[in-house]
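A short worksheet on the structure shown next.
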2 protein chains.
Amino acid sequence: MTDDLLEESTFDIPPGFTQMNWVRGFGRQMGPLYEKIAENGEYVRAFYVAEHHTNGMGNAHGGMLMAFADVAFGHCVSIRCPDRYWVTVRLLTDFVSAARKGDWVEGTGEVVGAEDDLLSVRGRIWCGGRTIMTGTGVFKVLGERSRRK
Amino acid sequence: MTDDLLEESTFDIPPGFTQMNWVRGFGRQMGPLYEKIAENGEYVRAFYVAEHHTNGMGNAHGGMLMAFADVAFGHCVSIRCPDRYWVTVRLLTDFVSAARKGDWVEGTGEVVGAEDDLLSVRGRIWCGGRTIMTGTGVFKVLGERSRRK
């Protein structure tokens, strides 16, 4: 853990991003994640590819990119329905290029369709000018979220 | 970490499964994972849903299920091409039902098509008799894998 802390403390977080406060569960396990949210609701989530995100080739693991897609694309559901839980129903992820250890990877999503409690979302993950992943998802809005303490 | 160790040590691994020896990268981070491989190449990968795999509702996080799908479905590529690296090109995951904390979740995949260096795979994840996720993927076979030390 000492190595991890040293690694993170020497990394400069780009302006406007704050570290997400996920202290439990898989959100913490896949982190640290960062986000930047504009007043109009546009947002970017991000992570710095650390050793614990990599595959055997030293790139971001496909599973990590998919997990990041889930939280990066799906967040537009939380923006639209801030007081509701939601679940992922279907997610299609296309791997366009690799993210390497040390890369700062960003992603976002937007709602492109709504039918009852199902929202269709389109998302993209990139590193600088290079697209890492594109995808589409269907998310289902559930009941009211209990207030965070 | 003490809590994690206690949690894992009190869990009985089903007969035939061994813990995967992923000591680095995202494979370790998303673990512990288990696998059972038959002589004919049929295999099952599995994990026990621990706290660090969960979402805010106490179920397996969608991102964790997708990451598990990547390694559970994709392993049939390693079975078919044991000396080659591979990458995920596209993965479609359909979330059928939730896996809860404490559930033993299993998954496997099979090659259903091959075109040059691209393999099409169909996979399923389940918990007992209940399907958790179905999916299809396209995986690309790359160059020779360096021997594990």
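Note on naming: chains are A, B, ... as they come in the structure tokens, residues start from 1 per chain, ligands start from 1 in the order shown.
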Do a neighbour search on stretch 64-75 of chain B at 6 Å with only C-alpha atoms, toss out local chain neighbours closer than 4 positions, and write the hits as a PyMOL selection string. (chain A and resi 63) or (chain B and resi 45+107-109+123)
Compute the set of chain B residues within 9 Å of chain A, using only C-alpha atoms, and express it as a count of residues only. 39
Write out as a PDB file with C-alpha atoms, in the first residue's frame all residues of stretch 48-87 of chain B that DSSP puts in helix (DSSP H, G or I) for this structure's backbone.
```
ATOM      1  CA  GLU B  51     -17.886  -6.443   0.122  1.00  0.00           C
ATOM      2  CA  HIS B  52     -15.291  -5.057  -2.269  1.00  0.00           C
ATOM      3  CA  HIS B  53     -17.357  -6.308  -5.242  1.00  0.00           C
ATOM      4  CA  GLY B  62     -22.362  -3.960 -12.649  1.00  0.00           C
ATOM      5  CA  GLY B  63     -18.764  -3.056 -13.388  1.00  0.00           C
ATOM      6  CA  MET B  64     -17.521  -6.087 -11.479  1.00  0.00           C
ATOM      7  CA  LEU B  65     -19.909  -8.366 -13.360  1.00  0.00           C
ATOM      8  CA  MET B  66     -18.678  -6.926 -16.681  1.00  0.00           C
ATOM      9  CA  ALA B  67     -15.045  -7.312 -15.639  1.00  0.00           C
ATOM     10  CA  PHE B  68     -15.781 -10.898 -14.600  1.00  0.00           C
ATOM     11  CA  ALA B  69     -17.533 -11.480 -17.943  1.00  0.00           C
ATOM     12  CA  ASP B  70     -14.392 -10.321 -19.714  1.00  0.00           C
ATOM     13  CA  VAL B  71     -12.194 -12.894 -17.971  1.00  0.00           C
ATOM     14  CA  ALA B  72     -14.842 -15.643 -17.781  1.00  0.00           C
ATOM     15  CA  PHE B  73     -15.945 -15.400 -21.427  1.00  0.00           C
ATOM     16  CA  GLY B  74     -12.488 -14.537 -22.778  1.00  0.00           C
ATOM     17  CA  HIS B  75     -10.754 -17.511 -21.211  1.00  0.00           C
ATOM     18  CA  CYS B  76     -12.019 -19.760 -24.000  1.00  0.00           C
ATOM     19  CA  VAL B  77      -9.629 -17.804 -26.251  1.00  0.00           C
ATOM     20  CA  SER B  78      -6.723 -18.815 -23.995  1.00  0.00           C
ATOM     21  CA  ILE B  79      -7.947 -22.429 -24.062  1.00  0.00           C
ATOM     22  CA  ARG B  80      -8.012 -22.396 -27.864  1.00  0.00           C
TER      23      ARG B  80
END
```
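With atom CA of A:Gln19 on one side and atom CA of A:Tyr48 on the other, the separation reads 11.1 Å.
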